[in-house]
file my_file_33.txt (compact mmCIF, C-alpha atoms)
# COMPACT_ATOMS: atom_id res chain seq x y z
CA MET A 230 87.97 95.30 135.88
CA LEU A 231 86.24 92.19 137.09
CA PHE A 232 87.35 91.56 140.69
CA PRO A 233 87.78 89.17 142.40
CA MET A 234 87.74 86.11 140.19
CA THR A 235 86.36 82.74 141.20
CA PHE A 236 87.59 79.44 139.84
CA GLU A 237 86.07 76.03 139.37
CA HIS A 238 87.12 73.76 142.25
CA GLY A 239 88.26 76.90 144.13
CA ALA A 240 91.87 76.45 143.00
CA MET A 241 94.06 79.32 141.84
CA PRO A 242 95.45 78.87 138.30
CA GLY A 243 99.05 77.76 137.89
CA SER A 244 101.97 80.15 137.60
CA LEU A 245 102.07 80.20 133.82
CA GLU A 246 98.31 80.78 133.60
CA LEU A 247 98.66 83.67 136.06
CA ALA A 248 101.46 85.05 133.87
CA TYR A 249 99.20 84.75 130.82
CA LEU A 250 96.56 86.87 132.56
CA GLY A 251 99.08 89.24 134.15
CA ASP A 252 100.65 89.99 130.79
CA THR A 253 97.29 91.27 129.54
CA VAL A 254 96.61 93.33 132.67
CA TYR A 255 100.08 94.87 132.39
CA ASP A 256 99.62 95.58 128.68
CA LEU A 257 96.33 97.34 129.41
CA PHE A 258 97.99 99.44 132.16
CA VAL A 259 100.75 100.51 129.76
CA ARG A 260 98.38 101.30 126.89
CA ARG A 261 96.00 103.30 129.11
CA HIS A 262 98.91 105.36 130.40
CA LEU A 263 100.34 105.97 126.94
CA LEU A 264 96.92 106.88 125.55
CA ALA A 265 96.47 109.46 128.31
CA GLN A 266 99.79 111.03 127.26
CA GLY A 267 98.52 111.35 123.69
CA GLY A 268 100.10 110.77 120.35
CA LYS A 269 99.48 108.94 117.12
CA VAL A 270 98.56 105.28 117.20
CA ARG A 271 101.74 104.17 115.44
CA GLU A 272 103.89 106.00 118.02
CA LEU A 273 101.80 104.72 120.92
CA HIS A 274 102.13 101.16 119.65
CA ALA A 275 105.91 101.43 119.24
CA ARG A 276 106.27 102.77 122.80
CA ALA A 277 103.98 100.07 124.17
CA ILE A 278 105.98 97.31 122.50
CA ARG A 279 109.18 98.59 124.14
CA LEU A 280 107.50 98.55 127.57
CA VAL A 281 105.85 95.14 127.41
CA CYS A 282 108.76 93.05 126.09
CA ALA A 283 110.46 90.53 128.39
CA HIS A 284 113.49 92.77 128.88
CA ALA A 285 111.35 95.71 130.08
CA GLN A 286 109.22 93.45 132.28
CA ALA A 287 112.34 91.95 133.92
CA GLU A 288 113.60 95.46 134.65
CA ALA A 289 110.18 96.46 136.01
CA PHE A 290 110.22 93.43 138.30
CA ALA A 291 113.66 94.39 139.61
CA ARG A 292 112.26 97.80 140.63
CA ILE A 293 109.54 96.30 142.82
CA GLU A 294 111.00 93.00 144.00
CA GLY A 295 112.09 94.49 147.33
CA LEU A 296 108.59 95.85 147.97
CA LEU A 297 106.80 92.51 147.79
CA SER A 298 105.05 90.89 150.72
CA PRO A 299 106.14 87.32 151.54
CA GLU A 300 102.98 86.04 149.82
CA GLU A 301 103.68 88.09 146.66
CA ALA A 302 107.35 87.05 146.64
CA ASP A 303 106.27 83.41 146.87
CA VAL A 304 103.99 83.79 143.84
CA ALA A 305 106.85 85.39 141.89
CA ARG A 306 109.33 82.70 142.96
CA ARG A 307 107.03 79.87 141.87
CA ALA A 308 106.52 81.52 138.50
CA ARG A 309 110.24 82.08 138.00
CA ASN A 310 110.84 78.38 138.68
CA ALA A 311 107.97 77.13 136.50
CA HIS A 312 109.02 74.90 133.64
CA GLN A 313 108.90 76.91 130.44
CA SER A 314 110.80 77.19 127.19
CA PRO A 315 111.88 80.75 126.42
CA PRO A 316 112.09 81.79 122.76
CA ARG A 317 115.52 81.13 121.21
CA ASN A 318 116.34 84.83 120.97
CA ALA A 319 115.47 85.54 124.63
CA ASP A 320 117.80 85.54 127.61
CA PRO A 321 116.45 82.70 129.81
CA GLY A 322 117.06 84.49 133.12
CA GLU A 323 115.41 87.65 131.88
CA TYR A 324 112.49 85.67 130.48
CA HIS A 325 111.95 83.91 133.82
CA ARG A 326 112.03 87.24 135.71
CA ALA A 327 109.48 88.66 133.26
CA THR A 328 107.28 85.62 133.91
CA SER A 329 107.58 86.30 137.65
CA PHE A 330 106.39 89.86 137.08
CA GLU A 331 103.46 88.79 134.90
CA ALA A 332 102.37 86.04 137.32
CA LEU A 333 102.46 88.47 140.23
CA ILE A 334 100.21 90.89 138.37
CA GLY A 335 97.90 88.04 137.34
CA TYR A 336 97.71 86.80 140.93
CA LEU A 337 96.87 90.24 142.29
CA TYR A 338 94.22 90.63 139.60
CA CYS A 339 92.64 87.30 140.51
CA MET A 340 92.63 88.28 144.18
CA GLY A 341 90.89 91.56 143.39
CA ARG A 342 93.78 93.70 144.62
CA GLU A 343 93.44 96.48 142.08
CA GLN A 344 94.97 99.14 144.34
CA ARG A 345 98.06 96.97 144.95
CA ILE A 346 98.45 96.41 141.21
CA GLN A 347 98.29 100.16 140.65
CA GLU A 348 100.81 100.83 143.41
CA LEU A 349 103.32 98.30 142.13
CA LEU A 350 102.97 99.19 138.46
CA GLU A 351 103.39 102.91 139.14
CA ARG A 352 106.74 102.08 140.78
CA ALA A 353 107.73 99.42 138.26
CA VAL A 354 107.17 101.15 134.94
CA VAL A 355 109.31 104.02 133.69
CA PHE A 356 107.48 105.81 130.88

call {"tool": "encode", "arguments": {"input": "my_file_33.txt", "output": "structure tokens"}}
result
Amino acid sequence: MLFPMTFEHGAMPGSLELAYLGDTVYDLFVRRHLLAQGGKVRELHARAIRLVCAHAQAEAFARIEGLLSPEEADVARRARNAHQSPPRNADPGEYHRATSFEALIGYLYCMGREQRIQELLERAVVF
């Protein structure tokens, strides 16, 4: 991984941009774990899809929310409150909690806190 990141003008990206990055970091974590367990690609992909959907991410966030530092909780709160339009078939509350989870992971990635990401994701994800 490429830690820590630097940004033009020294400003951290917005909540939705952090969520965009965090979604990818989380997806990579899930896929690496599933690959280590073994299996055929089709099965691995099906399992990964179930773990990276908004519903699963909202549940993962619920598992770690009480473990967050005030700084991490603030990042998650801002992301949850960010203006966004969930897909029509998604539960809005669940979608916003998933965005909180993704933004938190994206923030930690940008800050170079790889060990904290690992710690939280190991508690958050049920394989």

call {"tool": "residues_around", "arguments": {"input": "my_file_33.txt", "residues": "stretch 290-297 of chain A", "least_positions_apart": "5", "cutoff": "6 Å", "atoms": "all atoms listed in the file", "output": "PyMOL selection string"}}
result
chain A and resi 302+330+353

call {"tool": "residues_around", "arguments": {"input": "my_file_33.txt", "residues": "stretch 246-248 of chain A", "least_positions_apart": "3", "cutoff": "12 Å", "atoms": "all atoms listed in the file", "output": "PyMOL selection string"}}
result
chain A and resi 234+241-243+251-256+283+286+304-305+307-309+311+313+324-340

call {"tool": "atom_distance", "arguments": {"input": "my_file_33.txt", "atom1": "atom CA of A:Arg260", "atom2": "atom CA of A:Ala277"}}
result
6.3 Å

call {"tool": "atom_distance", "arguments": {"input": "my_file_33.txt", "atom1": "atom CA of A:Arg345", "atom2": "atom CA of A:Phe258"}}
result
13.0 Å

call {"tool": "closest_residue", "arguments": {"input": "my_file_33.txt", "among": "A:Ala289, A:Ala265, A:Asn310, A:Glu343", "to": "A:Val355", "atoms": "all atoms listed in the file"}}
result
A:Ala289

call {"tool": "axis_aligned_box", "arguments": {"input": "my_file_33.txt", "around": "stretch 292-305 of chain A", "padding_each_side": "5 Å", "output": "lines of an AutoDock Vina configuration file"}}
result
center_x = 107.6
center_y = 90.6
center_z = 146.1
size_x = 19.3
size_y = 24.4
size_z = 20.9

call {"tool": "atom_distance", "arguments": {"input": "my_file_33.txt", "atom1": "atom CA of A:Ala285", "atom2": "atom CA of A:Val354"}}
result
8.4 Å

call {"tool": "closest_residue", "arguments": {"input": "my_file_33.txt", "among": "A:Arg306, A:His312, A:Arg271, A:Arg261", "to": "A:Leu245", "atoms": "only C-alpha atoms"}}
result
A:His312

call {"tool": "build_atoms", "arguments": {"input": "my_file_33.txt", "residues": "stretch 314-325 of chain A", "atoms": "N, CA and C atoms", "output": "PDB file, in the coordinates of the input"}}
result
ATOM      1  N   SER A 314     109.767  77.146 128.223  1.00  0.00           N
ATOM      2  CA  SER A 314     110.800  77.190 127.190  1.00  0.00           C
ATOM      3  C   SER A 314     110.816  78.584 126.578  1.00  0.00           C
ATOM      4  N   PRO A 315     111.789  79.405 126.990  1.00  0.00           N
ATOM      5  CA  PRO A 315     111.880  80.750 126.420  1.00  0.00           C
ATOM      6  C   PRO A 315     112.165  80.705 124.920  1.00  0.00           C
ATOM      7  N   PRO A 316     111.741  81.727 124.182  1.00  0.00           N
ATOM      8  CA  PRO A 316     112.090  81.790 122.760  1.00  0.00           C
ATOM      9  C   PRO A 316     113.611  81.757 122.585  1.00  0.00           C
ATOM     10  N   ARG A 317     114.069  81.263 121.448  1.00  0.00           N
ATOM     11  CA  ARG A 317     115.520  81.130 121.210  1.00  0.00           C
ATOM     12  C   ARG A 317     116.272  82.443 121.322  1.00  0.00           C
ATOM     13  N   ASN A 318     115.631  83.547 120.961  1.00  0.00           N
ATOM     14  CA  ASN A 318     116.340  84.830 120.970  1.00  0.00           C
ATOM     15  C   ASN A 318     116.256  85.532 122.320  1.00  0.00           C
ATOM     16  N   ALA A 319     115.639  84.909 123.325  1.00  0.00           N
ATOM     17  CA  ALA A 319     115.470  85.540 124.630  1.00  0.00           C
ATOM     18  C   ALA A 319     116.516  85.041 125.616  1.00  0.00           C
ATOM     19  N   ASP A 320     116.926  85.921 126.509  1.00  0.00           N
ATOM     20  CA  ASP A 320     117.800  85.540 127.610  1.00  0.00           C
ATOM     21  C   ASP A 320     116.947  84.770 128.618  1.00  0.00           C
ATOM     22  N   PRO A 321     117.300  83.509 128.929  1.00  0.00           N
ATOM     23  CA  PRO A 321     116.450  82.700 129.810  1.00  0.00           C
ATOM     24  C   PRO A 321     116.201  83.324 131.184  1.00  0.00           C
ATOM     25  N   GLY A 322     117.232  83.877 131.805  1.00  0.00           N
ATOM     26  CA  GLY A 322     117.060  84.490 133.120  1.00  0.00           C
ATOM     27  C   GLY A 322     116.106  85.666 133.067  1.00  0.00           C
ATOM     28  N   GLU A 323     116.273  86.487 132.063  1.00  0.00           N
ATOM     29  CA  GLU A 323     115.410  87.650 131.880  1.00  0.00           C
ATOM     30  C   GLU A 323     113.967  87.199 131.608  1.00  0.00           C
ATOM     31  N   TYR A 324     113.809  86.184 130.807  1.00  0.00           N
ATOM     32  CA  TYR A 324     112.490  85.670 130.480  1.00  0.00           C
ATOM     33  C   TYR A 324     111.783  85.134 131.729  1.00  0.00           C
ATOM     34  N   HIS A 325     112.525  84.447 132.593  1.00  0.00           N
ATOM     35  CA  HIS A 325     111.950  83.910 133.820  1.00  0.00           C
ATOM     36  C   HIS A 325     111.565  85.036 134.795  1.00  0.00           C
TER      37      HIS A 325
END
